[in-house]
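Here's final.pdb, which has PDB, C-alpha atoms:
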```
ATOM      1  CA  MET A   1      30.170   4.822   3.823
ATOM      2  CA  LEU A   2      31.744   8.148   4.659
ATOM      3  CA  GLU A   3      32.075   8.859   8.332
ATOM      4  CA  GLU A   4      32.883  12.105  10.042
ATOM      5  CA  SER A   5      35.934  12.398  12.238
ATOM      6  CA  LYS A   6      35.184  13.190  15.873
ATOM      7  CA  ASN A   7      36.644  16.304  17.558
ATOM      8  CA  ALA A   8      38.552  17.643  14.548
ATOM      9  CA  LEU A   9      37.800  21.010  12.935
ATOM     10  CA  ARG A  10      35.492  20.401   9.978
ATOM     11  CA  VAL A  11      34.362  23.168   7.626
ATOM     12  CA  PHE A  12      32.093  22.334   4.700
ATOM     13  CA  ILE A  13      31.334  24.746   1.876
ATOM     14  CA  THR A  14      28.271  24.066  -0.257
ATOM     15  CA  GLY A  15      25.991  25.842  -2.705
ATOM     16  CA  ASN A  16      24.694  25.773  -6.236
ATOM     17  CA  PRO A  17      26.990  25.323  -9.240
ATOM     18  CA  GLY A  18      28.899  28.423 -10.263
ATOM     19  CA  VAL A  19      28.544  30.424  -7.035
ATOM     20  CA  GLY A  20      32.251  30.363  -6.216
ATOM     21  CA  LYS A  21      32.808  27.396  -3.896
ATOM     22  CA  THR A  22      36.160  26.437  -5.413
ATOM     23  CA  THR A  23      37.217  30.089  -5.561
ATOM     24  CA  ILE A  24      36.525  30.431  -1.835
ATOM     25  CA  LEU A  25      38.386  27.199  -1.076
ATOM     26  CA  LEU A  26      41.426  28.476  -2.994
ATOM     27  CA  PHE A  27      41.195  31.812  -1.141
ATOM     28  CA  LEU A  28      41.206  29.949   2.186
ATOM     29  CA  ILE A  29      44.146  27.767   1.138
ATOM     30  CA  ASN A  30      46.151  30.843   0.110
ATOM     31  CA  LYS A  31      45.375  32.682   3.353
ATOM     32  CA  LEU A  32      46.279  29.634   5.459
ATOM     33  CA  SER A  33      49.557  29.314   3.552
ATOM     34  CA  GLU A  34      50.268  33.012   4.191
ATOM     35  CA  ASN A  35      49.793  32.213   7.897
ATOM     36  CA  ASN A  36      52.387  29.404   7.654
ATOM     37  CA  TYR A  37      49.950  26.491   7.664
ATOM     38  CA  LYS A  38      50.772  23.624   5.315
ATOM     39  CA  VAL A  39      47.698  22.582   3.357
ATOM     40  CA  ALA A  40      47.361  19.291   1.468
ATOM     41  CA  GLY A  41      44.521  17.924  -0.604
ATOM     42  CA  PHE A  42      43.082  18.456  -4.050
ATOM     43  CA  TYR A  43      40.756  20.700  -5.973
ATOM     44  CA  CYS A  44      38.857  20.124  -9.199
ATOM     45  CA  PRO A  45      38.502  23.223 -11.362
ATOM     46  CA  GLU A  46      36.184  23.115 -14.323
ATOM     47  CA  VAL A  47      37.680  23.484 -17.786
ATOM     48  CA  ARG A  48      35.880  25.711 -20.253
ATOM     49  CA  GLU A  49      36.285  26.029 -23.972
ATOM     50  CA  ASN A  50      34.551  28.892 -25.782
ATOM     51  CA  GLY A  51      32.554  29.602 -22.606
ATOM     52  CA  ARG A  52      31.261  26.018 -22.342
ATOM     53  CA  ARG A  53      32.324  23.525 -19.679
ATOM     54  CA  ILE A  54      34.046  20.538 -21.266
ATOM     55  CA  GLY A  55      35.362  18.817 -18.168
ATOM     56  CA  PHE A  56      37.239  18.968 -14.894
ATOM     57  CA  ARG A  57      40.864  18.719 -13.831
ATOM     58  CA  ILE A  58      42.169  17.397 -10.532
ATOM     59  CA  VAL A  59      45.046  19.337  -8.966
ATOM     60  CA  ASP A  60      47.196  18.400  -5.969
ATOM     61  CA  ILE A  61      47.385  21.417  -3.638
ATOM     62  CA  THR A  62      50.910  20.777  -2.338
ATOM     63  CA  THR A  63      52.663  20.310  -5.693
ATOM     64  CA  ASN A  64      50.149  22.087  -7.961
ATOM     65  CA  GLU A  65      50.448  19.090 -10.282
ATOM     66  CA  GLY A  66      47.257  18.391 -12.177
ATOM     67  CA  ASP A  67      45.647  16.251 -14.825
ATOM     68  CA  TRP A  68      42.223  15.529 -16.276
ATOM     69  CA  LEU A  69      39.569  14.177 -13.911
ATOM     70  CA  ALA A  70      36.697  13.978 -16.392
ATOM     71  CA  LYS A  71      36.095  15.153 -19.918
ATOM     72  CA  GLU A  72      33.319  15.183 -22.485
ATOM     73  CA  ASN A  73      33.510  12.595 -25.244
ATOM     74  CA  ALA A  74      36.565  10.825 -23.840
ATOM     75  CA  PRO A  75      36.962   7.044 -23.944
ATOM     76  CA  GLY A  76      36.547   5.251 -20.629
ATOM     77  CA  ARG A  77      34.263   3.038 -18.578
ATOM     78  CA  VAL A  78      33.035   5.436 -15.843
ATOM     79  CA  LYS A  79      30.518   7.954 -17.126
ATOM     80  CA  ILE A  80      28.938  10.671 -15.031
ATOM     81  CA  GLY A  81      26.381  12.634 -16.981
ATOM     82  CA  LYS A  82      28.069  13.800 -20.159
ATOM     83  CA  TYR A  83      31.566  13.320 -18.729
ATOM     84  CA  THR A  84      33.900  10.335 -18.839
ATOM     85  CA  VAL A  85      36.200   9.930 -15.854
ATOM     86  CA  LEU A  86      39.860   9.582 -16.822
ATOM     87  CA  GLU A  87      40.693   7.083 -14.100
ATOM     88  CA  ASP A  88      44.448   6.737 -14.712
ATOM     89  CA  SER A  89      44.963  10.502 -14.588
ATOM     90  CA  ALA A  90      42.828  10.831 -11.463
ATOM     91  CA  LYS A  91      44.677   7.953  -9.781
ATOM     92  CA  ARG A  92      48.075   9.505 -10.478
ATOM     93  CA  ILE A  93      47.137  12.816  -8.841
ATOM     94  CA  THR A  94      45.358  11.046  -5.981
ATOM     95  CA  GLU A  95      48.528   9.111  -5.170
ATOM     96  CA  ILE A  96      50.502  12.369  -5.037
ATOM     97  CA  THR A  97      47.904  13.873  -2.712
ATOM     98  CA  LEU A  98      47.896  10.823  -0.420
ATOM     99  CA  SER A  99      51.674  11.083  -0.069
ATOM    100  CA  ASN A 100      51.348  14.703   1.145
ATOM    101  CA  ILE A 101      48.616  14.297   3.777
ATOM    102  CA  ASN A 102      50.923  13.403   6.669
ATOM    103  CA  LYS A 103      53.035  16.543   6.125
ATOM    104  CA  ALA A 104      50.050  18.915   6.273
ATOM    105  CA  ASP A 105      48.556  20.991   9.075
ATOM    106  CA  VAL A 106      45.194  21.359   7.292
ATOM    107  CA  LEU A 107      43.490  19.169   4.688
ATOM    108  CA  ALA A 108      41.343  20.479   1.819
ATOM    109  CA  ILE A 109      39.035  18.722  -0.641
ATOM    110  CA  ASP A 110      37.161  20.064  -3.657
ATOM    111  CA  GLU A 111      34.788  18.358  -3.795
ATOM    112  CA  ILE A 112      32.905  15.567  -2.061
ATOM    113  CA  GLY A 113      30.335  14.788  -4.716
ATOM    114  CA  PRO A 114      28.883  12.102  -6.968
ATOM    115  CA  MET A 115      31.705  12.223  -9.516
ATOM    116  CA  GLU A 116      34.504  11.951  -6.961
ATOM    117  CA  LEU A 117      32.740   9.231  -4.970
ATOM    118  CA  LYS A 118      32.360   7.019  -8.072
ATOM    119  CA  ILE A 119      36.124   6.918  -8.578
ATOM    120  CA  PRO A 120      37.581   4.312  -6.183
ATOM    121  CA  THR A 121      40.947   6.022  -5.679
ATOM    122  CA  ILE A 122      39.374   9.421  -5.007
ATOM    123  CA  LYS A 123      36.714   7.910  -2.750
ATOM    124  CA  LYS A 124      39.499   6.239  -0.738
ATOM    125  CA  LEU A 125      41.352   9.569  -0.497
ATOM    126  CA  ILE A 126      38.177  11.334   0.671
ATOM    127  CA  GLU A 127      37.528   8.627   3.283
ATOM    128  CA  THR A 128      41.145   8.797   4.469
ATOM    129  CA  THR A 129      40.888  12.563   4.769
ATOM    130  CA  LEU A 130      37.553  12.479   6.605
ATOM    131  CA  ASN A 131      38.878   9.881   9.049
ATOM    132  CA  ASN A 132      42.028  11.891   9.721
ATOM    133  CA  GLN A 133      42.122  14.031  12.867
ATOM    134  CA  LYS A 134      43.636  17.003  11.045
ATOM    135  CA  PRO A 135      41.517  20.098  10.398
ATOM    136  CA  LEU A 136      39.532  19.831   7.160
ATOM    137  CA  ILE A 137      38.007  22.284   4.722
ATOM    138  CA  ALA A 138      35.886  20.626   2.046
ATOM    139  CA  VAL A 139      33.509  21.602  -0.712
ATOM    140  CA  LEU A 140      30.406  19.478  -0.327
ATOM    141  CA  HIS A 141      28.232  18.870  -3.404
ATOM    142  CA  ARG A 142      24.734  20.200  -2.830
ATOM    143  CA  THR A 143      23.278  16.675  -3.037
ATOM    144  CA  GLN A 144      25.537  15.262  -0.301
ATOM    145  CA  LYS A 145      24.297  15.102   3.261
ATOM    146  CA  PRO A 146      26.155  17.190   5.855
ATOM    147  CA  MET A 147      28.815  15.304   7.798
ATOM    148  CA  GLY A 148      28.975  17.264  11.021
ATOM    149  CA  GLY A 149      31.201  20.262  11.430
ATOM    150  CA  ARG A 150      30.276  23.748  10.359
ATOM    151  CA  ILE A 151      28.475  24.197   7.045
ATOM    152  CA  TYR A 152      28.563  27.397   5.006
ATOM    153  CA  VAL A 153      26.107  27.815   2.131
ATOM    154  CA  ILE A 154      27.616  30.016  -0.552
ATOM    155  CA  THR A 155      25.435  32.222  -2.713
ATOM    156  CA  VAL A 156      26.199  34.885  -5.312
ATOM    157  CA  GLU A 157      25.030  37.455  -2.767
ATOM    158  CA  ASN A 158      27.218  36.343   0.159
ATOM    159  CA  ARG A 159      30.337  34.931  -1.523
ATOM    160  CA  ASP A 160      32.442  38.078  -1.206
ATOM    161  CA  SER A 161      31.852  38.498   2.521
ATOM    162  CA  ILE A 162      31.409  34.928   3.744
ATOM    163  CA  LYS A 163      34.954  33.939   2.763
ATOM    164  CA  TYR A 164      36.287  36.229   5.522
ATOM    165  CA  GLU A 165      33.823  34.798   8.028
ATOM    166  CA  ILE A 166      35.011  31.277   7.178
ATOM    167  CA  LEU A 167      38.690  32.312   7.315
ATOM    168  CA  ASN A 168      38.263  33.950  10.716
ATOM    169  CA  TYR A 169      36.493  30.878  12.067
ATOM    170  CA  ILE A 170      39.250  28.572  10.813
ATOM    171  CA  LEU A 171      42.112  30.748  12.083
ATOM    172  CA  SER A 172      40.500  31.158  15.518
ATOM    173  CA  SER A 173      39.924  27.390  15.698
ATOM    174  CA  LEU A 174      43.530  26.608  14.761
ATOM    175  CA  ASP A 175      45.081  28.949  17.328
TER     176      ASP A 175
END
```
How does the structure come out when it is put into structure tokens?
Amino acid sequence: MLEESKNALRVFITGNPGVGKTTILLFLINKLSENNYKVAGFYCPEVRENGRRIGFRIVDITTNEGDWLAKENAPGRVKIGKYTVLEDSAKRITEITLSNINKADVLAIDEIGPMELKIPTIKKLIETTLNNQKPLIAVLHRTQKPMGGRIYVITVENRDSIKYEILNYILSSLD
């Protein structure tokens, strides 16, 4: 079971698919880096082919190294909807991310959701991150229950302005 860390800064970003949650997370990571904060974690961008989503990658924030997380019509034992999780690829990136957590000022996860929680190595990384006392910014799948902290619901209408509200909250909390 995932537990929230007590006393640490926790910011959760949620909303419907396609509203820009990952884009906002990457904006926040870039702005924190510009302010000399070291950020570690991972993000999972979707991969599109001819305008159609065919899968997801997993990318380590510190090294920018990435690999497939899940892909349509791929061989494997863990299936989530129409996607097959590529466990070896996910494990490799997860191990890189775990090795960078202790060097970071802020942790970031994209995302805490059904797919990530079905992959043992990613679930362990998420649990490790949530139990860490370092500040955390995480994308929370819309079906996951809030875990304390501050929750921002992203919509198409608010996504351009809310990213600055979130950034200001984080920077003021870190100072």
All residues 10 Å or closer to Gly66 of chain A, all atoms listed in the file, same chain fewer than 2 positions away omitted, as a count of residues only: 18
Box in all listed atoms of segment 22-35 of chain A, axis-aligned, with 8 Å more on each side; write out centre and edge lengths in Å to one decimal as lines of an AutoDock Vina configuration file.
```
center_x = 43.2
center_y = 29.7
center_z = 1.2
size_x = 30.1
size_y = 22.6
size_z = 29.5
```
Please build the interface table for segment 34-116 of chain A against segment 9-22 of chain A with a cut-off of 10 Å, listing for each qualifying residue the nearest atom pair and the distance in Å to one decimal; count all atoms listed in the file, order rows by chain and increasing number, and write it as a tab-separated table.
```
residue	atom	partner	partner_atom	distance
A:Tyr43	CA	A:Thr22	CA	7.4
A:Cys44	CA	A:Thr22	CA	7.8
A:Pro45	CA	A:Thr22	CA	7.2
A:Glu46	CA	A:Thr22	CA	9.5
A:Val106	CA	A:Leu9	CA	9.3
A:Leu107	CA	A:Arg10	CA	9.7
A:Ala108	CA	A:Val11	CA	9.5
A:Ile109	CA	A:Phe12	CA	9.5
A:Asp110	CA	A:Thr22	CA	6.7
A:Glu111	CA	A:Thr22	CA	8.4
A:Ile112	CA	A:Phe12	CA	9.6
```
So, counting only C-alpha atoms, which residue among A:Thr128, A:Gln133, A:Asn50, A:Thr62 is closest to Thr97 of chain A?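 Among the listed residues, A:Thr62 lies closest to Thr97 of chain A.
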Residues selected by the PyMOL selection byres ((chain A and resi 71) around 6), written as a PyMOL selection string: chain A and resi 54-55+70+72+74+83-84
Best match for closeness to Leu130 of chain A among A:Gly41, A:Ile162, A:Lys118, A:Ile24, counting only C-alpha atoms: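 Among A:Gly41, A:Ile162, A:Lys118, A:Ile24, it is A:Gly41 that comes nearest to Leu130 of chain A.
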Nearest to Arg77 of chain A, chosen from A:Ile119, A:Val156, A:Leu174, A:Val39, with only C-alpha atoms counted in the distances: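 Counting only C-alpha atoms, the residue closest to Arg77 of chain A is A:Ile119.
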Hey, what's within 12 Å of Ile166 of chain A if we count only C-alpha atoms and toss same-chain stuff fewer than 3 positions away? As a PyMOL selection string, please? chain A and resi 10-13+21+24-25+27-29+31-32+137-138+150-154+158-163+169-173
Restricting it to C-alpha atoms, dump the selection as a compact mmCIF listing (two decimals), keeping the file's coordinate frame.
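So selection28.txt came out as:
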```
# COMPACT_ATOMS: atom_id res chain seq x y z
CA ARG A 10 35.49 20.40 9.98
CA VAL A 11 34.36 23.17 7.63
CA PHE A 12 32.09 22.33 4.70
CA ILE A 13 31.33 24.75 1.88
CA LYS A 21 32.81 27.40 -3.90
CA ILE A 24 36.52 30.43 -1.84
CA LEU A 25 38.39 27.20 -1.08
CA PHE A 27 41.20 31.81 -1.14
CA LEU A 28 41.21 29.95 2.19
CA ILE A 29 44.15 27.77 1.14
CA LYS A 31 45.38 32.68 3.35
CA LEU A 32 46.28 29.63 5.46
CA ILE A 137 38.01 22.28 4.72
CA ALA A 138 35.89 20.63 2.05
CA ARG A 150 30.28 23.75 10.36
CA ILE A 151 28.48 24.20 7.04
CA TYR A 152 28.56 27.40 5.01
CA VAL A 153 26.11 27.82 2.13
CA ILE A 154 27.62 30.02 -0.55
CA ASN A 158 27.22 36.34 0.16
CA ARG A 159 30.34 34.93 -1.52
CA ASP A 160 32.44 38.08 -1.21
CA SER A 161 31.85 38.50 2.52
CA ILE A 162 31.41 34.93 3.74
CA LYS A 163 34.95 33.94 2.76
CA TYR A 169 36.49 30.88 12.07
CA ILE A 170 39.25 28.57 10.81
CA LEU A 171 42.11 30.75 12.08
CA SER A 172 40.50 31.16 15.52
CA SER A 173 39.92 27.39 15.70
```
Please measure the separation of atom CA of Asp67 of chain A and atom CA of Asp88 of chain A, giving the value in Å to one decimal.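 Atom CA of Asp88 of chain A lies 9.6 Å from atom CA of Asp67 of chain A.
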Interatomic distance between atom CA of Asn100 of chain A and atom CA of Ala40 of chain A? 6.1 Å
